[in-house]
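See below for target-v3.txt, which holds compact mmCIF, C-alpha atoms.
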# COMPACT_ATOMS: atom_id res chain seq x y z
CA MET N 1 25.53 -30.03 -42.76
CA ALA N 2 24.45 -27.52 -40.05
CA LEU N 3 23.78 -23.99 -41.24
CA ARG N 4 25.59 -21.20 -39.46
CA THR N 5 23.79 -18.00 -38.48
CA PRO N 6 25.26 -15.09 -40.45
CA ILE N 7 27.46 -12.81 -38.35
CA THR N 8 25.27 -9.78 -39.12
CA LYS N 9 22.14 -11.61 -37.99
CA ARG N 10 23.86 -12.76 -34.83
CA PHE N 11 24.97 -9.17 -34.16
CA ILE N 12 21.47 -7.83 -34.72
CA SER N 13 19.97 -10.47 -32.44
CA SER N 14 22.51 -9.68 -29.74
CA SER N 15 21.91 -5.96 -30.09
CA HIS N 16 18.13 -6.43 -29.96
CA ALA N 17 18.49 -8.61 -26.83
CA SER N 18 20.62 -5.94 -25.19
CA ARG N 19 18.01 -3.29 -25.90
CA SER N 20 15.27 -5.55 -24.50
CA ILE N 21 17.23 -6.30 -21.37
CA SER N 22 18.12 -2.66 -20.73
CA SER N 23 14.46 -1.65 -21.00
CA TRP N 24 13.13 -4.06 -18.41
CA TRP N 25 13.29 -1.58 -15.52
CA LYS N 26 13.01 1.77 -17.33
CA HIS N 27 9.47 2.22 -16.03
CA VAL N 28 10.60 2.05 -12.38
CA ASP N 29 10.64 5.45 -10.69
CA PRO N 30 12.45 6.19 -7.42
CA ALA N 31 10.35 5.40 -4.37
CA PRO N 32 9.30 8.37 -2.23
CA LYS N 33 11.50 8.92 0.78
CA ASP N 34 10.26 7.51 4.07
CA PRO N 35 8.97 10.52 6.04
CA ILE N 36 10.67 9.37 9.24
CA LEU N 37 13.95 7.97 7.96
CA GLY N 38 14.35 10.99 5.66
CA VAL N 39 14.53 13.25 8.71
CA THR N 40 17.60 11.45 10.00
CA GLU N 41 19.28 11.65 6.58
CA ALA N 42 18.76 15.42 6.50
CA PHE N 43 19.99 15.78 10.08
CA LEU N 44 23.20 13.86 9.37
CA ALA N 45 23.91 16.02 6.31
CA ASP N 46 23.60 19.26 8.31
CA PRO N 47 27.03 20.51 9.54
CA HIS N 48 25.54 23.02 12.03
CA PRO N 49 27.03 22.48 15.54
CA ASP N 50 23.73 23.14 17.38
CA LYS N 51 21.53 20.86 15.29
CA VAL N 52 18.91 18.79 17.12
CA ASN N 53 17.22 15.59 15.97
CA VAL N 54 13.82 14.98 17.58
CA GLY N 55 12.57 12.85 14.71
CA VAL N 56 14.20 9.51 15.43
CA GLY N 57 12.03 6.93 17.20
CA ALA N 58 14.83 5.48 19.29
CA TYR N 59 15.77 6.12 22.90
CA ARG N 60 18.73 8.35 23.74
CA ASP N 61 20.28 9.13 27.11
CA ASP N 62 20.57 12.65 28.50
CA ASN N 63 23.72 13.15 26.43
CA GLY N 64 21.85 12.24 23.26
CA LYS N 65 23.68 8.92 22.94
CA PRO N 66 22.22 5.46 22.11
CA VAL N 67 21.83 3.14 25.09
CA VAL N 68 22.57 -0.55 25.59
CA LEU N 69 20.82 -1.67 28.77
CA ASP N 70 22.88 -3.37 31.49
CA CYS N 71 20.50 -6.33 31.47
CA VAL N 72 21.19 -6.75 27.75
CA ARG N 73 24.95 -6.60 28.30
CA GLU N 74 24.71 -9.30 30.96
CA ALA N 75 22.50 -11.46 28.73
CA GLU N 76 25.05 -11.06 25.92
CA ARG N 77 27.83 -12.16 28.28
CA ARG N 78 25.92 -15.32 29.20
CA ILE N 79 24.99 -16.10 25.61
CA ALA N 80 28.61 -15.72 24.46
CA GLY N 81 29.58 -18.71 26.58
CA ASN N 82 27.02 -20.92 24.87
CA LEU N 83 26.76 -19.79 21.26
CA ASN N 84 24.18 -21.49 19.03
CA MET N 85 23.87 -20.61 15.36
CA GLU N 86 21.36 -23.31 14.41
CA TYR N 87 18.06 -22.53 12.70
CA LEU N 88 15.11 -21.78 14.92
CA PRO N 89 11.78 -23.47 14.09
CA MET N 90 9.46 -21.53 11.77
CA GLY N 91 7.58 -20.28 14.83
CA GLY N 92 10.77 -19.09 16.50
CA SER N 93 12.05 -19.58 20.04
CA ASN N 94 9.45 -21.30 22.21
CA LYS N 95 11.08 -19.87 25.35
CA MET N 96 11.02 -16.31 24.04
CA VAL N 97 7.40 -16.64 22.94
CA GLU N 98 6.40 -18.12 26.30
CA GLU N 99 7.95 -15.24 28.26
CA THR N 100 6.55 -12.66 25.85
CA LEU N 101 2.99 -13.94 26.24
CA LYS N 102 3.29 -13.56 30.02
CA LEU N 103 4.07 -9.87 29.54
CA ALA N 104 0.99 -9.25 27.43
CA TYR N 105 -1.53 -11.64 28.99
CA GLY N 106 -0.26 -11.92 32.57
CA ASP N 107 1.92 -14.41 34.47
CA ASP N 108 -1.14 -16.31 35.71
CA SER N 109 -3.20 -16.09 32.52
CA ASP N 110 -5.71 -18.91 32.10
CA LEU N 111 -5.39 -18.42 28.34
CA ILE N 112 -1.74 -19.43 28.56
CA LYS N 113 -2.45 -22.32 30.93
CA ASP N 114 -5.22 -23.62 28.65
CA LYS N 115 -2.97 -23.25 25.57
CA ARG N 116 -5.54 -21.07 23.82
CA ILE N 117 -3.04 -18.61 22.34
CA ALA N 118 -1.50 -19.18 18.91
CA ALA N 119 1.81 -17.34 18.87
CA ILE N 120 5.01 -17.12 16.83
CA GLN N 121 8.20 -15.11 17.05
CA ALA N 122 8.12 -12.27 14.52
CA LEU N 123 10.48 -9.74 12.98
CA SER N 124 9.71 -7.11 15.61
CA GLY N 125 6.37 -5.28 15.56
CA THR N 126 6.47 -4.60 11.85
CA GLY N 127 6.82 -8.29 11.03
CA ALA N 128 4.09 -9.25 13.48
CA CYS N 129 1.67 -6.76 11.92
CA ARG N 130 2.54 -7.96 8.42
CA ILE N 131 2.04 -11.64 9.22
CA PHE N 132 -1.32 -10.82 10.78
CA ALA N 133 -2.36 -8.69 7.79
CA ASP N 134 -1.60 -11.61 5.48
CA PHE N 135 -3.45 -13.98 7.82
CA GLN N 136 -6.46 -11.66 7.77
CA LYS N 137 -6.40 -11.55 3.96
CA ARG N 138 -6.10 -15.33 3.61
CA PHE N 139 -8.75 -16.36 6.13
CA SER N 140 -11.10 -13.38 6.05
CA PRO N 141 -10.63 -12.29 2.42
CA ASP N 142 -13.63 -9.98 2.24
CA SER N 143 -12.73 -8.02 5.38
CA GLN N 144 -11.16 -4.61 5.75
CA ILE N 145 -9.12 -2.96 8.49
CA TYR N 146 -10.09 0.19 10.39
CA ILE N 147 -7.00 2.27 11.20
CA PRO N 148 -6.93 5.32 13.52
CA VAL N 149 -6.28 8.84 12.24
CA PRO N 150 -3.42 9.41 12.62
CA THR N 151 -1.30 6.29 13.06
CA TRP N 152 2.25 5.12 12.53
CA SER N 153 2.75 5.65 8.80
CA ASN N 154 3.98 2.09 8.20
CA HIS N 155 0.63 0.63 9.29
CA HIS N 156 -0.87 1.83 6.02
CA ASN N 157 1.99 0.27 4.02
CA ILE N 158 1.65 -3.07 5.81
CA TRP N 159 -2.06 -3.62 5.20
CA ARG N 160 -1.83 -2.11 1.70
CA ASP N 161 0.86 -4.57 0.65
CA ALA N 162 -1.20 -7.41 2.15
CA ASN N 163 -4.05 -6.25 -0.12
CA VAL N 164 -6.42 -5.61 2.78
CA PRO N 165 -8.77 -2.66 2.10
CA GLN N 166 -8.38 0.14 4.63
CA ARG N 167 -10.89 2.35 6.37
CA THR N 168 -10.17 4.92 9.04
CA PHE N 169 -11.72 5.91 12.34
CA HIS N 170 -11.50 9.13 14.34
CA TYR N 171 -8.93 9.23 17.11
CA TYR N 172 -7.07 12.51 17.62
CA HIS N 173 -8.81 15.82 18.31
CA PRO N 174 -6.60 18.64 16.89
CA GLU N 175 -8.21 21.44 18.87
CA SER N 176 -7.86 19.82 22.29
CA LYS N 177 -4.73 17.86 21.26
CA GLY N 178 -6.34 14.91 23.01
CA LEU N 179 -8.64 11.99 22.22
CA ASP N 180 -11.73 12.54 20.08
CA PHE N 181 -13.59 9.93 22.09
CA ALA N 182 -17.14 10.77 20.94
CA ALA N 183 -16.20 10.53 17.26
CA LEU N 184 -14.19 7.35 17.89
CA MET N 185 -17.19 5.68 19.52
CA ASP N 186 -19.50 6.79 16.69
CA ASP N 187 -17.15 5.19 14.16
CA VAL N 188 -17.02 1.96 16.18
CA LYS N 189 -20.84 1.88 16.34
CA ASN N 190 -21.28 2.69 12.64
CA ALA N 191 -18.77 0.17 11.32
CA PRO N 192 -20.29 -3.03 9.89
CA ASN N 193 -20.67 -5.79 12.48
CA GLY N 194 -17.60 -7.99 12.74
CA SER N 195 -15.11 -5.39 11.49
CA PHE N 196 -11.36 -5.53 12.13
CA PHE N 197 -9.85 -2.60 14.08
CA LEU N 198 -6.20 -1.73 14.64
CA LEU N 199 -5.66 -0.35 18.16
CA HIS N 200 -2.53 1.01 19.84
CA ALA N 201 -2.28 -0.71 23.23
CA CYS N 202 -0.41 2.19 24.85
CA ALA N 203 1.67 5.26 23.97
CA HIS N 204 -0.18 5.90 20.71
CA ASN N 205 2.21 6.69 17.87
CA PRO N 206 2.41 9.51 16.80
CA THR N 207 0.11 11.39 19.21
CA GLY N 208 1.00 10.04 22.67
CA VAL N 209 -2.75 10.19 23.39
CA ASP N 210 -4.27 7.11 25.06
CA PRO N 211 -7.83 6.43 26.22
CA THR N 212 -8.39 6.34 29.97
CA VAL N 213 -9.18 3.06 31.71
CA GLU N 214 -12.88 3.95 31.72
CA GLN N 215 -12.79 4.83 28.04
CA TRP N 216 -11.08 1.52 27.22
CA LYS N 217 -13.91 -0.24 29.06
CA GLU N 218 -16.49 1.58 26.94
CA ILE N 219 -14.59 0.77 23.75
CA SER N 220 -14.39 -2.90 24.74
CA TYR N 221 -18.10 -3.00 25.54
CA GLN N 222 -19.02 -1.51 22.17
CA PHE N 223 -16.70 -3.92 20.37
CA LYS N 224 -18.56 -6.75 22.10
CA VAL N 225 -21.94 -5.34 21.02
CA LYS N 226 -20.78 -5.04 17.41
CA GLY N 227 -18.75 -8.25 17.28
CA HIS N 228 -15.61 -6.40 16.17
CA PHE N 229 -12.12 -7.90 16.20
CA ALA N 230 -9.41 -5.93 18.02
CA PHE N 231 -5.82 -6.21 16.86
CA PHE N 232 -3.49 -4.48 19.33
CA ASP N 233 -0.11 -3.15 18.26
CA MET N 234 1.88 -2.97 21.51
CA ALA N 235 5.27 -1.46 20.65
CA TYR N 236 5.85 0.39 23.92
CA GLN N 237 4.93 -1.91 26.82
CA GLY N 238 6.84 -0.68 29.87
CA PHE N 239 8.27 2.22 27.93
CA ALA N 240 5.11 4.33 28.21
CA SER N 241 4.50 4.56 31.95
CA GLY N 242 7.49 2.61 33.25
CA ASP N 243 5.18 -0.23 34.34
CA PRO N 244 4.56 -3.11 31.88
CA GLU N 245 1.42 -4.19 33.77
CA ARG N 246 -0.12 -0.73 33.56
CA ASP N 247 0.76 -0.45 29.88
CA ALA N 248 -1.03 -3.74 29.14
CA LYS N 249 -4.27 -2.57 30.81
CA SER N 250 -6.12 -2.01 27.53
CA ILE N 251 -5.48 -5.61 26.48
CA ARG N 252 -6.44 -6.99 29.89
CA ILE N 253 -9.76 -5.09 29.76
CA PHE N 254 -10.61 -6.69 26.42
CA LEU N 255 -9.63 -10.13 27.72
CA GLU N 256 -11.79 -9.71 30.82
CA ASP N 257 -14.70 -9.00 28.49
CA GLY N 258 -14.08 -12.26 26.63
CA HIS N 259 -12.69 -10.89 23.36
CA LEU N 260 -10.57 -13.09 21.11
CA ILE N 261 -7.92 -10.50 20.33
CA GLY N 262 -4.74 -10.33 18.29
CA CYS N 263 -1.53 -8.73 19.52
CA SER N 264 1.78 -7.55 18.08
CA GLN N 265 4.68 -7.12 20.53
CA SER N 266 8.13 -5.64 20.02
CA TYR N 267 11.33 -5.38 22.04
CA ALA N 268 12.83 -2.56 19.98
CA LYS N 269 11.88 0.23 22.39
CA ASN N 270 11.51 -1.39 25.81
CA MET N 271 14.77 -3.38 25.62
CA GLY N 272 16.57 -1.20 23.09
CA LEU N 273 16.87 -4.15 20.68
CA TYR N 274 16.18 -2.01 17.60
CA GLY N 275 18.54 -3.83 15.26
CA GLN N 276 17.74 -7.34 16.51
CA ARG N 277 14.18 -7.25 15.08
CA VAL N 278 12.62 -9.42 17.77
CA GLY N 279 8.91 -9.50 18.51
CA CYS N 280 5.88 -11.73 18.74
CA LEU N 281 2.48 -12.19 17.09
CA SER N 282 -0.30 -13.82 19.09
CA LEU N 283 -3.96 -14.63 18.49
CA VAL N 284 -6.39 -15.73 21.21
CA CYS N 285 -8.43 -18.75 20.10
CA GLU N 286 -11.53 -20.59 21.34
CA ASP N 287 -9.62 -23.68 22.47
CA GLU N 288 -6.29 -25.48 22.21
CA LYS N 289 -7.21 -27.31 19.01
CA GLN N 290 -8.00 -24.03 17.25
CA ALA N 291 -4.77 -22.49 18.56
CA VAL N 292 -2.73 -25.36 17.09
CA ALA N 293 -4.39 -24.87 13.70
CA VAL N 294 -3.96 -21.10 13.72
CA LYS N 295 -0.29 -21.32 14.73
CA SER N 296 0.37 -23.77 11.89
CA GLN N 297 -1.09 -21.26 9.42
CA LEU N 298 0.94 -18.36 10.87
CA GLN N 299 4.06 -20.48 10.39
CA GLN N 300 3.02 -21.25 6.83
CA LEU N 301 2.78 -17.53 6.11
CA ALA N 302 6.24 -16.95 7.58
CA ARG N 303 7.86 -19.77 5.58
CA PRO N 304 7.97 -18.09 2.12
CA MET N 305 8.78 -14.68 3.65
CA TYR N 306 11.87 -15.50 5.74
CA SER N 307 11.62 -19.24 6.62
CA ASN N 308 12.43 -18.70 10.31
CA PRO N 309 13.32 -15.74 12.52
CA PRO N 310 16.80 -14.80 13.77
CA VAL N 311 18.08 -16.45 16.91
CA HIS N 312 20.22 -13.87 18.69
CA GLY N 313 17.58 -11.33 19.72
CA ALA N 314 15.34 -14.14 20.92
CA LEU N 315 18.15 -15.46 23.11
CA ILE N 316 18.64 -12.02 24.66
CA VAL N 317 14.93 -11.67 25.47
CA SER N 318 14.50 -15.19 26.85
CA THR N 319 17.67 -14.87 28.94
CA ILE N 320 16.47 -11.61 30.51
CA LEU N 321 12.84 -12.54 31.10
CA GLY N 322 13.66 -16.10 32.14
CA ASP N 323 15.98 -15.03 34.97
CA PRO N 324 14.29 -13.31 37.97
CA ASP N 325 17.28 -11.09 38.75
CA LEU N 326 17.79 -9.99 35.15
CA LYS N 327 14.09 -9.36 34.75
CA GLN N 328 14.10 -7.12 37.82
CA LEU N 329 17.07 -5.22 36.41
CA TRP N 330 15.19 -4.78 33.13
CA LEU N 331 12.10 -3.49 34.95
CA LYS N 332 14.30 -0.96 36.75
CA GLU N 333 15.99 0.16 33.53
CA VAL N 334 12.81 0.45 31.47
CA LYS N 335 11.29 2.57 34.23
CA GLY N 336 14.40 4.73 34.14
CA MET N 337 13.94 5.33 30.41
CA ALA N 338 10.26 6.15 30.83
CA ASP N 339 10.95 8.48 33.76
CA ARG N 340 13.59 10.42 31.81
CA ILE N 341 11.12 11.03 28.99
CA ILE N 342 8.38 12.06 31.42
CA GLY N 343 10.85 14.48 33.02
CA MET N 344 11.75 15.98 29.64
CA ARG N 345 8.06 16.54 28.93
CA THR N 346 7.77 18.60 32.11
CA SER N 347 10.96 20.53 31.35
CA LEU N 348 9.97 21.32 27.75
CA ARG N 349 6.55 22.57 28.80
CA GLU N 350 7.95 24.70 31.62
CA ASN N 351 10.60 26.25 29.36
CA ILE N 352 8.05 27.22 26.69
CA GLU N 353 5.64 28.67 29.24
CA LYS N 354 8.48 30.58 30.92
CA LEU N 355 9.05 32.43 27.65
CA GLY N 356 5.54 33.89 27.90
CA SER N 357 3.77 31.79 25.28
CA THR N 358 0.05 32.55 25.17
CA LEU N 359 -0.72 29.09 23.80
CA SER N 360 -1.62 26.07 25.92
CA TRP N 361 1.16 23.48 26.16
CA GLU N 362 -0.45 21.17 28.72
CA HIS N 363 -0.76 18.49 26.06
CA ILE N 364 3.01 17.96 26.28
CA THR N 365 2.64 16.53 29.78
CA ASN N 366 -0.82 15.01 29.21
CA GLN N 367 0.47 12.80 26.40
CA ILE N 368 2.57 9.71 27.13
CA GLY N 369 5.33 7.64 25.61
CA MET N 370 8.12 8.43 23.22
CA PHE N 371 6.29 11.00 21.12
CA CYS N 372 4.66 14.37 21.65
CA TYR N 373 2.18 15.50 19.03
CA SER N 374 3.01 19.17 19.32
CA GLY N 375 0.25 20.68 17.19
CA MET N 376 2.77 22.59 15.08
CA THR N 377 1.97 22.99 11.39
CA PRO N 378 4.20 21.71 8.57
CA GLU N 379 5.17 25.32 7.85
CA GLN N 380 6.24 25.86 11.47
CA VAL N 381 8.25 22.64 11.39
CA ASP N 382 9.95 23.82 8.19
CA ARG N 383 10.96 27.03 9.99
CA LEU N 384 12.39 25.01 12.87
CA THR N 385 14.57 23.13 10.42
CA LYS N 386 15.58 26.08 8.24
CA GLU N 387 16.20 28.67 10.97
CA PHE N 388 17.12 26.57 14.00
CA HIS N 389 18.44 23.28 12.54
CA ILE N 390 15.86 21.26 14.49
CA TYR N 391 14.67 18.14 12.71
CA MET N 392 11.35 16.36 13.14
CA THR N 393 8.59 14.94 10.93
CA ARG N 394 6.40 17.60 9.28
CA ASN N 395 3.30 16.49 11.21
CA GLY N 396 4.82 18.12 14.28
CA ARG N 397 5.69 14.88 16.06
CA ILE N 398 8.51 15.39 18.57
CA SER N 399 10.51 12.37 19.69
CA MET N 400 10.91 13.14 23.39
CA ALA N 401 13.83 10.70 23.46
CA GLY N 402 15.84 13.29 21.52
CA VAL N 403 15.18 16.00 24.12
CA THR N 404 17.93 16.38 26.72
CA SER N 405 18.77 18.73 29.57
CA GLY N 406 21.39 20.18 27.24
CA ASN N 407 19.05 21.09 24.35
CA VAL N 408 15.61 21.51 25.95
CA GLU N 409 16.00 25.27 26.49
CA TYR N 410 17.15 25.82 22.88
CA LEU N 411 14.28 23.66 21.60
CA ALA N 412 11.74 25.57 23.71
CA LYS N 413 12.98 28.94 22.43
CA ALA N 414 12.77 27.77 18.84
CA ILE N 415 9.25 26.36 19.30
CA HIS N 416 8.14 29.60 20.95
CA GLU N 417 9.63 31.65 18.11
CA VAL N 418 7.80 29.77 15.33
CA THR N 419 4.46 29.51 17.21
CA LYS N 420 4.14 32.90 18.92
CA ALA N 421 2.36 34.46 15.93
CA ALA N 422 -0.12 31.56 15.70
Would you write out, as structure tokens, the structure that this file holds?
Amino acid sequence: MALRTPITKRFISSSHASRSISSWWKHVDPAPKDPILGVTEAFLADPHPDKVNVGVGAYRDDNGKPVVLDCVREAERRIAGNLNMEYLPMGGSNKMVEETLKLAYGDDSDLIKDKRIAAIQALSGTGACRIFADFQKRFSPDSQIYIPVPTWSNHHNIWRDANVPQRTFHYYHPESKGLDFAALMDDVKNAPNGSFFLLHACAHNPTGVDPTVEQWKEISYQFKVKGHFAFFDMAYQGFASGDPERDAKSIRIFLEDGHLIGCSQSYAKNMGLYGQRVGCLSLVCEDEKQAVAVKSQLQQLARPMYSNPPVHGALIVSTILGDPDLKQLWLKEVKGMADRIIGMRTSLRENIEKLGSTLSWEHITNQIGMFCYSGMTPEQVDRLTKEFHIYMTRNGRISMAGVTSGNVEYLAKAIHEVTKAA
């Protein structure tokens, strides 16, 4: 005859199990707020009618509104007539990858013709960087990554979570608000031979400070001497200068010198496909056989993360870049976005100088891309928010996409007010 568990014992066991279950996650503290996304949250919560958000890293038109490019609308119209919801391969859309490689490496690239590039579709630039970080850890487990100071804050998170040790190298010069080229070159020379370096291909985030063509040539030469590996994060091709070819010059210089580089590409900024999360990761290899092997390993890394990438954004990109007329329209529109930002840089500088500021603001127009590294202190930024309802990250980074002809004068007055005693 089976023995029954006494009711009291069953109650105690159930109560003990409940206590055990409820304590599983008691040790988990809230994560710190993202320094960039937290700015937008604070902005949205502010009821002030004259509030300004220059923290968001997304393009806005001169009315401060989000933009959907005409080339994207036309691509969407064409896609709608031929919907396909099937899975993509683990490596993503071959057509999208093919067109994306042409942007980075050139339409007539011998590397593409010789099939020496291992490439997969990625979840925008973030996903491309993360897949590469995991690839670096798996196949060069004793290596570390050299990251510029400063850099996009998520770079540190990506390589940290891939368990790749991080080192830093000099990049920005606070006094000149430009490139600290001498210190950068010293760090490149002093790094152990065969080190991995993260480089911003153009429109450095957050500083907007890029090396000149001649400086890129010197950097490439020194990388060759030391046997370093260059991984380029190219989030702003076309969006920086308005010319995708010009914005890829850093990569082309390294390729001309025979480097086997890595590259992350994103269509968030230059096509406005922020929510589609479409990008590409590519690695230049010694030959086609090596490229096949490397691509297979990149796909293996993607498999347990997300299996395969989403299809819709890839269709938009391949439709635009695969049609000569749509591609020309895109080139016109991306230049229009870049030109508006360049114009706002000029206007902001002129408005501050017109107020009689004794400080130099030439760095506003010397820098390039979406962001201006203003040189303002965290305390000055706090005053901008508290007294003028202007929101930006506390490192003084201004998103020029948030500056419009309607708010530039107000922004200039506020910046002058908080910096005039400096």
Original post:
Hey, what's within 12 Å of Leu298 (chain N) if we count all atoms listed in the file and toss same-chain stuff fewer than 3 positions away? As a PyMOL selection string, please?
Top reply: chain N and resi 90-92+118-122+127-136+138-139+280-283+291-295+301-305+307-308
To box region 119-136 of chain N, take all atoms listed in the file, fit an axis-aligned box, add 5 Å on each side, and give centre and edge lengths in Å to one decimal, as lines of an AutoDock Vina configuration file.
center_x = 2.0
center_y = -11.0
center_z = 12.2
size_x = 26.9
size_y = 22.7
size_z = 23.4
Could you name the residues that touch region 386-400 of chain N at 8 Å or less, counting all atoms listed in the file, but leaving out those on the same chain fewer than 6 positions away, as a PDB file with C-alpha atoms, keeping the file's coordinate frame?
ATOM      1  CA  PRO N  35       8.970  10.520   6.040  1.00  0.00           C
ATOM      2  CA  ILE N  36      10.670   9.370   9.240  1.00  0.00           C
ATOM      3  CA  VAL N  39      14.530  13.250   8.710  1.00  0.00           C
ATOM      4  CA  THR N  40      17.600  11.450  10.000  1.00  0.00           C
ATOM      5  CA  ALA N  42      18.760  15.420   6.500  1.00  0.00           C
ATOM      6  CA  PHE N  43      19.990  15.780  10.080  1.00  0.00           C
ATOM      7  CA  ASP N  46      23.600  19.260   8.310  1.00  0.00           C
ATOM      8  CA  HIS N  48      25.540  23.020  12.030  1.00  0.00           C
ATOM      9  CA  ASP N  50      23.730  23.140  17.380  1.00  0.00           C
ATOM     10  CA  LYS N  51      21.530  20.860  15.290  1.00  0.00           C
ATOM     11  CA  VAL N  52      18.910  18.790  17.120  1.00  0.00           C
ATOM     12  CA  ASN N  53      17.220  15.590  15.970  1.00  0.00           C
ATOM     13  CA  VAL N  54      13.820  14.980  17.580  1.00  0.00           C
ATOM     14  CA  GLY N  55      12.570  12.850  14.710  1.00  0.00           C
ATOM     15  CA  VAL N  56      14.200   9.510  15.430  1.00  0.00           C
ATOM     16  CA  GLY N  57      12.030   6.930  17.200  1.00  0.00           C
ATOM     17  CA  PRO N 206       2.410   9.510  16.800  1.00  0.00           C
ATOM     18  CA  THR N 207       0.110  11.390  19.210  1.00  0.00           C
ATOM     19  CA  ILE N 341      11.120  11.030  28.990  1.00  0.00           C
ATOM     20  CA  MET N 344      11.750  15.980  29.640  1.00  0.00           C
ATOM     21  CA  ARG N 345       8.060  16.540  28.930  1.00  0.00           C
ATOM     22  CA  MET N 370       8.120   8.430  23.220  1.00  0.00           C
ATOM     23  CA  PHE N 371       6.290  11.000  21.120  1.00  0.00           C
ATOM     24  CA  CYS N 372       4.660  14.370  21.650  1.00  0.00           C
ATOM     25  CA  TYR N 373       2.180  15.500  19.030  1.00  0.00           C
ATOM     26  CA  SER N 374       3.010  19.170  19.320  1.00  0.00           C
ATOM     27  CA  GLY N 375       0.250  20.680  17.190  1.00  0.00           C
ATOM     28  CA  MET N 376       2.770  22.590  15.080  1.00  0.00           C
ATOM     29  CA  THR N 377       1.970  22.990  11.390  1.00  0.00           C
ATOM     30  CA  PRO N 378       4.200  21.710   8.570  1.00  0.00           C
ATOM     31  CA  GLU N 379       5.170  25.320   7.850  1.00  0.00           C
ATOM     32  CA  LEU N 411      14.280  23.660  21.600  1.00  0.00           C
ATOM     33  CA  ALA N 414      12.770  27.770  18.840  1.00  0.00           C
TER      34      ALA N 414
END
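Going from CA of Ile117 (chain N) over to CA of Ser250 (chain N), you cover 17.7 Å.
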**OP:** Would you mind listing what lies within 8 Å of Asp62 (chain N) as a list in words, with all atoms listed in the file counted and same-chain residues fewer than 6 positions away left out?
**Re:** Val403, Thr404, Ser405 and Gly406 of chain N
**OP:** Go ahead and compute the interatomic distance for CA of Trp159 (chain N) and CA of Asp187 (chain N), in Å to one decimal.
**Re:** 19.6 Å
**OP:** Mind giving me the straight-line distance from CA of Trp216 (chain N) to CA of Gly272 (chain N) in Å, one decimal?
**Re:** 28.1 Å
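Of the listed residues (N:Phe232, N:Trp152, N:Trp25, N:Phe169), N:Phe232 comes nearest to His259 (chain N); the distances count only C-alpha atoms.
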Each region 159-248 of chain N residue no farther than 9 Å from region 95-107 of chain N, nearest pair in Å, all atoms listed in the file, as CSV:
residue,atom,partner,partner_atom,distance
N:Met234,CA,N:Ala104,CA,8.7
N:Gln237,CA,N:Ala104,CA,8.4
N:Pro244,CA,N:Leu103,CA,7.2
N:Glu245,CA,N:Leu103,CA,7.6
N:Ala248,CA,N:Ala104,CA,6.1
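With only C-alpha atoms as the atoms that count, the minimum distance from Ser266 (chain N) to the choices N:Phe196, N:Tyr146, N:Tyr410, N:Tyr236 is reached by N:Tyr236.
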Subject >> Ref. answer, residues at most 10 Å from (10.7, 7.6, 31.2) with only C-alpha atoms, as a ChimeraX atom specification >> reply: /N:59,238-242,333-345,368-370,400-401
